[in-house]
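Coordinates as given in run_25.cif (mmCIF, N, CA and C atoms and all ligand atoms):
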```cif
data_start
loop_
_atom_site.label_atom_id
_atom_site.label_comp_id
_atom_site.auth_asym_id
_atom_site.auth_seq_id
_atom_site.Cartn_x
_atom_site.Cartn_y
_atom_site.Cartn_z
N MET R 939 -48.21 72.43 18.66
CA MET R 939 -47.34 73.54 18.29
C MET R 939 -48.02 74.85 18.71
N SER R 940 -47.25 75.83 19.08
CA SER R 940 -47.88 77.11 19.45
C SER R 940 -47.18 78.25 18.73
N CYS R 941 -47.91 79.37 18.60
CA CYS R 941 -47.33 80.52 17.91
C CYS R 941 -46.36 81.23 18.84
N HIS R 942 -45.31 81.80 18.26
CA HIS R 942 -44.33 82.52 19.05
C HIS R 942 -44.70 84.00 19.05
N THR R 943 -43.74 84.86 18.98
CA THR R 943 -43.93 86.31 19.08
C THR R 943 -45.26 86.79 18.49
N ALA R 944 -46.09 87.42 19.30
CA ALA R 944 -47.38 87.91 18.83
C ALA R 944 -47.19 89.03 17.81
N PRO R 945 -47.82 88.91 16.64
CA PRO R 945 -47.69 89.97 15.64
C PRO R 945 -48.51 91.18 16.01
N LYS R 946 -48.25 92.32 15.34
CA LYS R 946 -48.95 93.56 15.68
C LYS R 946 -50.36 93.60 15.09
N GLN R 947 -50.55 93.02 13.86
CA GLN R 947 -51.88 93.06 13.27
C GLN R 947 -52.76 91.97 13.90
N PRO R 948 -54.12 92.07 13.77
CA PRO R 948 -55.00 91.08 14.40
C PRO R 948 -54.93 89.73 13.71
N LEU R 949 -54.25 88.79 14.33
CA LEU R 949 -54.11 87.45 13.77
C LEU R 949 -54.52 86.42 14.81
N ASP R 950 -54.95 85.25 14.33
CA ASP R 950 -55.25 84.12 15.21
C ASP R 950 -54.15 83.07 15.05
N CYS R 951 -53.87 82.35 16.13
CA CYS R 951 -52.87 81.28 16.09
C CYS R 951 -53.54 80.00 15.63
N ARG R 952 -52.97 79.35 14.58
CA ARG R 952 -53.50 78.07 14.08
C ARG R 952 -52.90 76.92 14.88
N SER R 953 -53.49 75.73 14.74
CA SER R 953 -52.99 74.56 15.45
C SER R 953 -51.59 74.16 14.97
N ASP R 954 -51.21 74.54 13.74
CA ASP R 954 -49.88 74.17 13.25
C ASP R 954 -48.82 75.20 13.66
N GLY R 955 -49.20 76.17 14.47
CA GLY R 955 -48.22 77.13 14.96
C GLY R 955 -48.05 78.35 14.08
N SER R 956 -48.79 78.43 12.98
CA SER R 956 -48.68 79.61 12.12
C SER R 956 -49.79 80.59 12.47
N TRP R 957 -49.65 81.81 11.97
CA TRP R 957 -50.64 82.86 12.23
C TRP R 957 -51.57 82.98 11.05
N VAL R 958 -52.84 83.26 11.30
CA VAL R 958 -53.80 83.51 10.24
C VAL R 958 -54.53 84.81 10.56
N GLU R 959 -54.84 85.55 9.50
CA GLU R 959 -55.49 86.85 9.68
C GLU R 959 -56.85 86.68 10.35
N LYS R 960 -57.14 87.55 11.30
CA LYS R 960 -58.40 87.49 12.03
C LYS R 960 -59.42 88.40 11.33
N HIS R 961 -60.62 87.89 11.13
CA HIS R 961 -61.63 88.69 10.44
C HIS R 961 -62.80 88.95 11.38
N ALA R 962 -63.28 90.18 11.37
CA ALA R 962 -64.43 90.56 12.20
C ALA R 962 -65.65 90.69 11.30
N ALA R 963 -66.85 90.43 11.89
CA ALA R 963 -68.08 90.57 11.12
C ALA R 963 -68.16 91.98 10.53
N GLY R 964 -68.60 92.06 9.29
CA GLY R 964 -68.74 93.36 8.63
C GLY R 964 -67.45 93.87 8.01
N GLN R 965 -66.37 93.14 8.27
CA GLN R 965 -65.06 93.58 7.75
C GLN R 965 -65.04 93.57 6.23
N LEU R 966 -64.40 94.56 5.66
CA LEU R 966 -64.22 94.62 4.21
C LEU R 966 -62.80 94.20 3.89
N LYS R 967 -62.64 93.48 2.80
CA LYS R 967 -61.30 93.05 2.41
C LYS R 967 -61.20 93.18 0.89
N GLU R 968 -60.04 93.61 0.41
CA GLU R 968 -59.85 93.75 -1.03
C GLU R 968 -58.66 92.92 -1.47
N LEU R 969 -58.81 92.26 -2.59
CA LEU R 969 -57.74 91.43 -3.15
C LEU R 969 -57.77 91.55 -4.67
N VAL R 970 -56.63 91.29 -5.29
CA VAL R 970 -56.60 91.18 -6.75
C VAL R 970 -56.54 89.70 -7.07
N CYS R 971 -57.46 89.25 -7.91
CA CYS R 971 -57.49 87.83 -8.28
C CYS R 971 -56.28 87.52 -9.18
N ILE R 972 -55.59 86.44 -8.87
CA ILE R 972 -54.40 86.07 -9.66
C ILE R 972 -54.62 84.77 -10.43
N ARG R 973 -55.89 84.40 -10.57
CA ARG R 973 -56.18 83.13 -11.26
C ARG R 973 -56.11 83.23 -12.78
N CYS R 974 -56.17 84.47 -13.31
CA CYS R 974 -55.98 84.64 -14.76
C CYS R 974 -55.43 86.05 -15.00
N PRO R 975 -54.96 86.34 -16.21
CA PRO R 975 -54.31 87.64 -16.46
C PRO R 975 -55.22 88.86 -16.33
N LEU R 976 -56.54 88.69 -16.26
CA LEU R 976 -57.44 89.85 -16.14
C LEU R 976 -57.25 90.57 -14.81
N GLY R 977 -56.91 89.86 -13.77
CA GLY R 977 -56.62 90.48 -12.47
C GLY R 977 -57.78 91.29 -11.91
N CYS R 978 -58.95 90.69 -11.82
CA CYS R 978 -60.13 91.41 -11.29
C CYS R 978 -59.86 91.89 -9.86
N ALA R 979 -60.37 93.10 -9.57
CA ALA R 979 -60.27 93.65 -8.21
C ALA R 979 -61.46 93.13 -7.41
N LEU R 980 -61.17 92.31 -6.42
CA LEU R 980 -62.23 91.66 -5.62
C LEU R 980 -62.43 92.41 -4.33
N GLN R 981 -63.70 92.55 -3.95
CA GLN R 981 -64.02 93.12 -2.63
C GLN R 981 -64.92 92.12 -1.93
N GLY R 982 -64.64 91.86 -0.68
CA GLY R 982 -65.47 90.93 0.09
C GLY R 982 -65.88 91.55 1.41
N GLN R 983 -67.06 91.17 1.86
CA GLN R 983 -67.53 91.62 3.16
C GLN R 983 -68.00 90.40 3.93
N LEU R 984 -67.56 90.34 5.19
CA LEU R 984 -67.91 89.21 6.04
C LEU R 984 -69.24 89.50 6.74
N ALA R 985 -70.22 88.60 6.52
CA ALA R 985 -71.52 88.75 7.17
C ALA R 985 -72.02 87.37 7.59
N GLU R 986 -72.33 87.22 8.86
CA GLU R 986 -72.81 85.95 9.42
C GLU R 986 -71.89 84.80 9.05
N GLY R 987 -70.61 85.05 9.17
CA GLY R 987 -69.63 83.99 8.96
C GLY R 987 -69.33 83.66 7.51
N GLU R 988 -69.91 84.39 6.57
CA GLU R 988 -69.66 84.10 5.15
C GLU R 988 -69.19 85.34 4.42
N TRP R 989 -68.28 85.15 3.49
CA TRP R 989 -67.78 86.25 2.67
C TRP R 989 -68.72 86.45 1.49
N HIS R 990 -69.11 87.69 1.25
CA HIS R 990 -69.90 88.05 0.08
C HIS R 990 -68.96 88.83 -0.84
N VAL R 991 -68.71 88.24 -2.00
CA VAL R 991 -67.64 88.73 -2.87
C VAL R 991 -68.22 89.44 -4.09
N GLU R 992 -67.63 90.56 -4.43
CA GLU R 992 -68.01 91.31 -5.65
C GLU R 992 -66.75 91.61 -6.45
N GLY R 993 -66.97 91.94 -7.71
CA GLY R 993 -65.86 92.35 -8.57
C GLY R 993 -65.24 91.21 -9.36
N ASN R 994 -65.69 89.99 -9.09
CA ASN R 994 -65.12 88.83 -9.79
C ASN R 994 -65.79 88.66 -11.16
N GLY R 995 -64.97 88.43 -12.17
CA GLY R 995 -65.49 88.24 -13.51
C GLY R 995 -65.96 86.82 -13.76
N CYS R 996 -65.64 85.91 -12.86
CA CYS R 996 -66.07 84.52 -13.01
C CYS R 996 -66.04 83.84 -11.63
N PRO R 997 -66.62 82.63 -11.53
CA PRO R 997 -66.69 81.96 -10.21
C PRO R 997 -65.32 81.65 -9.59
N ARG R 998 -64.30 81.55 -10.42
CA ARG R 998 -62.96 81.24 -9.85
C ARG R 998 -62.49 82.35 -8.93
N GLY R 999 -62.90 83.59 -9.23
CA GLY R 999 -62.49 84.72 -8.40
C GLY R 999 -63.08 84.63 -7.00
N GLU R 1000 -64.34 84.23 -6.90
CA GLU R 1000 -64.98 84.09 -5.60
C GLU R 1000 -64.29 82.97 -4.80
N ALA R 1001 -64.04 81.85 -5.47
CA ALA R 1001 -63.37 80.73 -4.80
C ALA R 1001 -61.98 81.15 -4.32
N TYR R 1002 -61.27 81.91 -5.16
CA TYR R 1002 -59.93 82.38 -4.79
C TYR R 1002 -60.00 83.29 -3.57
N PHE R 1003 -60.97 84.21 -3.59
CA PHE R 1003 -61.10 85.16 -2.47
C PHE R 1003 -61.36 84.40 -1.16
N ILE R 1004 -62.30 83.47 -1.20
CA ILE R 1004 -62.68 82.75 0.03
C ILE R 1004 -61.50 81.93 0.56
N LYS R 1005 -60.77 81.30 -0.34
CA LYS R 1005 -59.59 80.53 0.09
C LYS R 1005 -58.54 81.46 0.69
N GLU R 1006 -58.31 82.59 0.04
CA GLU R 1006 -57.30 83.53 0.55
C GLU R 1006 -57.71 84.13 1.89
N ALA R 1007 -59.00 84.36 2.07
CA ALA R 1007 -59.47 84.95 3.33
C ALA R 1007 -59.38 83.93 4.46
N ALA R 1008 -59.70 82.67 4.15
CA ALA R 1008 -59.76 81.65 5.20
C ALA R 1008 -58.41 81.00 5.46
N ASN R 1009 -57.69 80.73 4.40
CA ASN R 1009 -56.47 79.94 4.55
C ASN R 1009 -55.49 80.24 3.42
N PRO R 1010 -54.83 81.39 3.46
CA PRO R 1010 -53.90 81.71 2.37
C PRO R 1010 -52.73 80.74 2.35
N SER R 1011 -52.46 80.19 1.21
CA SER R 1011 -51.37 79.21 1.11
C SER R 1011 -50.70 79.35 -0.26
N ARG R 1012 -49.48 78.84 -0.34
CA ARG R 1012 -48.69 78.98 -1.57
C ARG R 1012 -47.89 77.71 -1.83
N THR R 1013 -47.64 77.44 -3.12
CA THR R 1013 -46.67 76.41 -3.49
C THR R 1013 -45.29 77.07 -3.42
N VAL R 1014 -44.37 76.42 -2.71
CA VAL R 1014 -43.00 76.94 -2.65
C VAL R 1014 -42.14 76.08 -3.57
N THR R 1015 -41.36 76.73 -4.42
CA THR R 1015 -40.42 76.01 -5.27
C THR R 1015 -39.01 76.45 -4.89
N GLY R 1016 -38.05 75.60 -5.15
CA GLY R 1016 -36.67 75.96 -4.82
C GLY R 1016 -35.72 74.86 -5.23
N LEU R 1017 -34.50 74.98 -4.77
CA LEU R 1017 -33.45 74.03 -5.10
C LEU R 1017 -32.91 73.38 -3.83
N VAL R 1018 -32.59 72.09 -3.94
CA VAL R 1018 -31.99 71.35 -2.82
C VAL R 1018 -30.64 70.80 -3.30
N ARG R 1019 -29.64 70.90 -2.44
CA ARG R 1019 -28.31 70.40 -2.79
C ARG R 1019 -28.33 68.88 -2.99
N VAL R 1020 -27.59 68.41 -3.99
CA VAL R 1020 -27.49 66.97 -4.27
C VAL R 1020 -26.04 66.54 -4.06
N THR R 1021 -25.84 65.47 -3.29
CA THR R 1021 -24.48 64.95 -3.15
C THR R 1021 -24.31 63.75 -4.09
N GLY R 1022 -23.15 63.71 -4.75
CA GLY R 1022 -22.82 62.60 -5.65
C GLY R 1022 -23.64 62.60 -6.92
N GLY R 1023 -24.16 63.75 -7.33
CA GLY R 1023 -25.01 63.80 -8.51
C GLY R 1023 -24.33 64.40 -9.72
N GLN R 1024 -24.93 64.18 -10.89
CA GLN R 1024 -24.43 64.81 -12.13
C GLN R 1024 -24.66 66.32 -12.11
N LEU R 1025 -25.61 66.75 -11.29
CA LEU R 1025 -25.86 68.18 -11.08
C LEU R 1025 -25.74 68.47 -9.59
N PRO R 1026 -25.36 69.69 -9.23
CA PRO R 1026 -25.18 70.01 -7.81
C PRO R 1026 -26.49 70.24 -7.05
N VAL R 1027 -27.58 70.48 -7.78
CA VAL R 1027 -28.87 70.76 -7.13
C VAL R 1027 -30.01 70.10 -7.90
N VAL R 1028 -31.13 69.94 -7.20
CA VAL R 1028 -32.35 69.45 -7.86
C VAL R 1028 -33.49 70.40 -7.49
N SER R 1029 -34.38 70.65 -8.46
CA SER R 1029 -35.53 71.53 -8.19
C SER R 1029 -36.63 70.74 -7.49
N VAL R 1030 -37.29 71.40 -6.55
CA VAL R 1030 -38.38 70.77 -5.79
C VAL R 1030 -39.54 71.74 -5.65
N LYS R 1031 -40.70 71.18 -5.28
CA LYS R 1031 -41.86 72.04 -4.95
C LYS R 1031 -42.62 71.38 -3.81
N THR R 1032 -43.41 72.20 -3.10
CA THR R 1032 -44.21 71.67 -1.99
C THR R 1032 -45.55 71.19 -2.54
N VAL R 1033 -45.98 70.03 -2.07
CA VAL R 1033 -47.29 69.47 -2.43
C VAL R 1033 -47.92 68.92 -1.15
N PRO R 1034 -49.08 69.41 -0.69
CA PRO R 1034 -49.82 70.52 -1.26
C PRO R 1034 -49.15 71.86 -0.90
N GLU R 1035 -49.88 72.95 -1.11
CA GLU R 1035 -49.36 74.27 -0.76
C GLU R 1035 -49.13 74.35 0.75
N VAL R 1036 -48.28 75.27 1.17
CA VAL R 1036 -48.03 75.49 2.60
C VAL R 1036 -48.70 76.80 3.03
N PRO R 1037 -49.04 76.93 4.32
CA PRO R 1037 -49.63 78.20 4.78
C PRO R 1037 -48.70 79.36 4.41
N LYS R 1038 -49.30 80.45 3.96
CA LYS R 1038 -48.50 81.61 3.51
C LYS R 1038 -47.53 82.06 4.59
N ALA R 1039 -47.94 81.96 5.84
CA ALA R 1039 -47.08 82.42 6.94
C ALA R 1039 -45.84 81.55 7.11
N ARG R 1040 -45.83 80.35 6.50
CA ARG R 1040 -44.67 79.46 6.64
C ARG R 1040 -43.76 79.48 5.41
N VAL R 1041 -44.09 80.28 4.40
CA VAL R 1041 -43.31 80.26 3.15
C VAL R 1041 -41.84 80.56 3.40
N MET R 1042 -41.54 81.56 4.20
CA MET R 1042 -40.13 81.91 4.43
C MET R 1042 -39.40 80.82 5.21
N ASP R 1043 -40.09 80.17 6.19
CA ASP R 1043 -39.49 79.05 6.91
C ASP R 1043 -39.09 77.95 5.93
N VAL R 1044 -40.02 77.64 5.01
CA VAL R 1044 -39.77 76.57 4.05
C VAL R 1044 -38.60 76.95 3.13
N ALA R 1045 -38.58 78.19 2.66
CA ALA R 1045 -37.50 78.63 1.77
C ALA R 1045 -36.15 78.53 2.48
N ARG R 1046 -36.11 78.93 3.74
CA ARG R 1046 -34.85 78.82 4.50
C ARG R 1046 -34.49 77.36 4.75
N GLY R 1047 -35.50 76.54 4.99
CA GLY R 1047 -35.26 75.11 5.24
C GLY R 1047 -34.67 74.41 4.03
N LEU R 1048 -35.10 74.82 2.85
CA LEU R 1048 -34.58 74.21 1.62
C LEU R 1048 -33.07 74.41 1.52
N ALA R 1049 -32.61 75.56 1.95
CA ALA R 1049 -31.19 75.90 1.85
C ALA R 1049 -30.34 74.99 2.74
N ARG R 1050 -30.94 74.40 3.78
CA ARG R 1050 -30.18 73.55 4.70
C ARG R 1050 -30.28 72.06 4.34
N LEU R 1051 -31.12 71.73 3.36
CA LEU R 1051 -31.39 70.34 3.04
C LEU R 1051 -30.39 69.80 2.02
N GLU R 1052 -30.15 68.50 2.09
CA GLU R 1052 -29.25 67.84 1.13
C GLU R 1052 -29.85 66.47 0.81
N VAL R 1053 -29.77 66.06 -0.43
CA VAL R 1053 -30.30 64.76 -0.83
C VAL R 1053 -29.22 64.03 -1.64
N ARG R 1054 -29.21 62.69 -1.51
CA ARG R 1054 -28.19 61.90 -2.20
C ARG R 1054 -28.70 61.45 -3.57
N ALA R 1055 -27.85 61.53 -4.60
CA ALA R 1055 -28.21 61.08 -5.95
C ALA R 1055 -28.26 59.54 -5.94
N PRO R 1056 -29.07 58.92 -6.81
CA PRO R 1056 -29.90 59.55 -7.84
C PRO R 1056 -31.23 60.05 -7.27
N VAL R 1057 -31.77 61.07 -7.92
CA VAL R 1057 -33.09 61.60 -7.58
C VAL R 1057 -33.95 61.50 -8.85
N SER R 1058 -35.16 60.97 -8.68
CA SER R 1058 -36.06 60.84 -9.83
C SER R 1058 -37.15 61.90 -9.77
N ILE R 1059 -37.55 62.36 -10.93
CA ILE R 1059 -38.65 63.32 -10.99
C ILE R 1059 -39.90 62.71 -10.33
N GLY R 1060 -40.54 63.47 -9.47
CA GLY R 1060 -41.72 62.98 -8.75
C GLY R 1060 -41.39 62.33 -7.42
N GLN R 1061 -40.11 62.12 -7.15
CA GLN R 1061 -39.69 61.49 -5.89
C GLN R 1061 -39.98 62.40 -4.70
N VAL R 1062 -40.44 61.78 -3.60
CA VAL R 1062 -40.64 62.56 -2.37
C VAL R 1062 -39.26 62.72 -1.73
N VAL R 1063 -38.77 63.93 -1.71
CA VAL R 1063 -37.46 64.22 -1.13
C VAL R 1063 -37.56 64.26 0.39
N GLU R 1064 -38.68 64.79 0.89
CA GLU R 1064 -38.93 64.82 2.34
C GLU R 1064 -40.43 64.95 2.58
N GLU R 1065 -40.94 64.14 3.51
CA GLU R 1065 -42.37 64.23 3.86
C GLU R 1065 -42.56 65.24 4.99
N ASP R 1066 -43.74 65.81 5.07
CA ASP R 1066 -44.12 66.74 6.14
C ASP R 1066 -42.97 67.70 6.47
N PHE R 1067 -42.54 68.40 5.43
CA PHE R 1067 -41.36 69.27 5.57
C PHE R 1067 -41.61 70.35 6.63
N LEU R 1068 -40.79 70.37 7.64
CA LEU R 1068 -40.85 71.33 8.75
C LEU R 1068 -42.23 71.37 9.42
N GLY R 1069 -42.91 70.23 9.41
CA GLY R 1069 -44.20 70.15 10.08
C GLY R 1069 -45.32 70.90 9.39
N THR R 1070 -45.13 71.21 8.09
CA THR R 1070 -46.16 71.96 7.35
C THR R 1070 -47.25 71.03 6.82
N GLY R 1071 -46.99 69.72 6.83
CA GLY R 1071 -47.94 68.78 6.23
C GLY R 1071 -47.70 68.60 4.74
N ALA R 1072 -46.81 69.39 4.18
CA ALA R 1072 -46.51 69.30 2.74
C ALA R 1072 -45.24 68.49 2.52
N SER R 1073 -45.23 67.73 1.41
CA SER R 1073 -44.03 67.00 1.02
C SER R 1073 -43.24 67.82 0.02
N LEU R 1074 -41.93 67.58 0.01
CA LEU R 1074 -41.08 68.17 -1.03
C LEU R 1074 -40.96 67.15 -2.15
N ILE R 1075 -41.35 67.55 -3.33
CA ILE R 1075 -41.35 66.65 -4.49
C ILE R 1075 -40.31 67.15 -5.50
N ALA R 1076 -39.47 66.23 -5.99
CA ALA R 1076 -38.48 66.59 -7.01
C ALA R 1076 -39.19 66.87 -8.32
N THR R 1077 -38.81 67.96 -8.98
CA THR R 1077 -39.43 68.31 -10.27
C THR R 1077 -38.44 68.10 -11.42
N LYS R 1078 -37.34 67.37 -11.09
CA LYS R 1078 -36.34 67.07 -12.11
C LYS R 1078 -35.60 65.80 -11.66
N SER R 1079 -35.03 65.07 -12.59
CA SER R 1079 -34.22 63.90 -12.22
C SER R 1079 -32.74 64.29 -12.24
N VAL R 1080 -32.01 63.77 -11.29
CA VAL R 1080 -30.56 63.97 -11.25
C VAL R 1080 -29.91 62.61 -11.05
N GLY R 1081 -29.13 62.18 -12.05
CA GLY R 1081 -28.47 60.88 -11.97
C GLY R 1081 -27.22 60.93 -11.11
N LYS R 1082 -26.69 59.72 -10.82
CA LYS R 1082 -25.44 59.63 -10.04
C LYS R 1082 -24.27 60.07 -10.91
N LYS R 1083 -23.29 60.67 -10.24
CA LYS R 1083 -22.05 61.06 -10.92
C LYS R 1083 -21.33 59.79 -11.37
N ALA R 1084 -20.84 59.77 -12.61
CA ALA R 1084 -20.16 58.56 -13.12
C ALA R 1084 -18.82 58.37 -12.44
S1 LIG O 1 -62.27 86.54 -11.28
FE1 LIG O 1 -62.15 85.17 -13.03
S2 LIG O 1 -61.91 86.60 -14.77
FE2 LIG O 1 -61.37 87.75 -12.93
S3 LIG O 1 -59.12 87.51 -12.69
FE3 LIG O 1 -60.11 85.90 -11.45
S4 LIG O 1 -60.16 84.13 -12.83
FE4 LIG O 1 -59.83 85.93 -14.11
#
```

What would you get if you wrote out this structure as structure tokens?
Amino acid sequence: MSCHTAPKQPLDCRSDGSWVEKHAAGQLKELVCIRCPLGCALQGQLAEGEWHVEGNGCPRGEAYFIKEAANPSRTVTGLVRVTGGQLPVVSVKTVPEVPKARVMDVARGLARLEVRAPVSIGQVVEEDFLGTGASLIATKSVGKKA
């Protein structure tokens, strides 16, 4: 897969066709940690290929910063249409998370998807959704229409 339209900010093309932020040595980056309600303001500096993180109130903040700097990803949740079901839609989520740059693709893809009832909670609705490597998992059961 290859990346399409080159973005204006400095990004690198990943093997899955998505863009990832490019970091230069000495670069400073700031993030707010979202791992707990304290919301520590994190600052990181890249030196010799490693991020040195400050401002974190606990080790989870450093781990969050490094993951966000190297590979930002998100769980996408949404609804998929159900045919022949007691409900018209079923809730799903991506497992594992998808690259942040693909979140909108996945959200749009969900709107085009349809699944036949019955659907069981935990069921894989679709594997490797849109080539992201993530499966769509049902987070609710929907029985067949009587
Ligand atoms: S660094 Fe730790 S204490 Fe601070 S917001 Fe993140 S999880 Fe919470």

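Of all the residues in stretch 939-1081 of chain R, the ones DSSP labels as helix (DSSP H, G or I) from the backbone are Pro997, Arg998, Gly999, Glu1000, Ala1001, Tyr1002, Phe1003, Ile1004, Lys1005, Glu1006, Ala1007, Ala1008, Lys1038, Ala1039, Arg1040, Val1041, Met1042, Asp1043, Val1044, Ala1045, Arg1046, Gly1047, Leu1048, Ala1049, Arg1050, Phe1067, Leu1068 and Gly1069 of chain R.
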
Please produce, as a tab-separated table, a per-residue contact table for chain R versus ligand LIG 1 (chain O) (criterion: any atom at most 10 Å away, only C-alpha atoms and all ligand atoms considered), showing the nearest atom pair and its distance in Å to one decimal, sorted by chain then residue number.
```
residue	atom	partner	partner_atom	distance
R:Val970	CA	O:LIG1	S3	7.4
R:Cys971	CA	O:LIG1	FE3	4.5
R:Ile972	CA	O:LIG1	S3	5.8
R:Arg973	CA	O:LIG1	S4	4.4
R:Cys974	CA	O:LIG1	FE4	4.1
R:Pro975	CA	O:LIG1	S3	6.1
R:Leu976	CA	O:LIG1	S3	4.5
R:Gly977	CA	O:LIG1	S3	3.9
R:Cys978	CA	O:LIG1	FE2	4.2
R:Ala979	CA	O:LIG1	FE2	7.6
R:Leu980	CA	O:LIG1	S1	7.6
R:Glu992	CA	O:LIG1	S1	9.3
R:Gly993	CA	O:LIG1	S1	7.3
R:Asn994	CA	O:LIG1	S1	3.9
R:Gly995	CA	O:LIG1	S2	4.1
R:Cys996	CA	O:LIG1	FE1	4.0
R:Pro997	CA	O:LIG1	FE1	6.2
R:Arg998	CA	O:LIG1	S4	5.0
R:Gly999	CA	O:LIG1	S1	3.4
R:Glu1000	CA	O:LIG1	S1	6.8
R:Ala1001	CA	O:LIG1	S1	8.8
R:Tyr1002	CA	O:LIG1	FE3	7.5
R:Phe1003	CA	O:LIG1	S1	9.0
```

Which residues in chain R does DSSP call strand (DSSP E or B)? List them as a PyMOL selection string.
-> chain R and resi 949-951+957-959+966-970+979-985+988-992+1011-1012+1015-1021+1023+1027-1033+1036-1037+1052-1054+1057+1062-1064+1073-1076+1080+1082

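The neighbours of stretch 1070-1082 of chain R here are the residues that come within 6 Å of it, using only C-alpha atoms and leaving out any residue fewer than 5 positions away in the same chain; they are Gly1022, Gly1023, Gln1024, Ser1029, Val1030, Lys1031, Thr1032, Val1033, Pro1034, Ala1055, Pro1056, Val1057, Ser1058, Ile1059, Gly1060, Gln1061, Val1062, Val1063, Glu1064 and Glu1065 of chain R.
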
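The smallest atom-to-atom distance between R:Gly1016 and any of R:Ala1045, R:Asp1066, R:His990, R:Gln965, using all atoms listed in the file, is found for R:Ala1045.
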
Neighbour list for R:Val1018 as a ChimeraX atom specification, cut-off 7 Å, all atoms listed in the file, skip fewer than 5 positions in-chain | /R:1026-1030,1048-1049,1051-1053

Correct to one decimal, the distance atom N of R:Leu1068-atom C of R:Gly1047 is 8.2 Å

Between atom N of R:Ala1007 and atom N of R:Arg1046 lies a distance of 23.6 Å
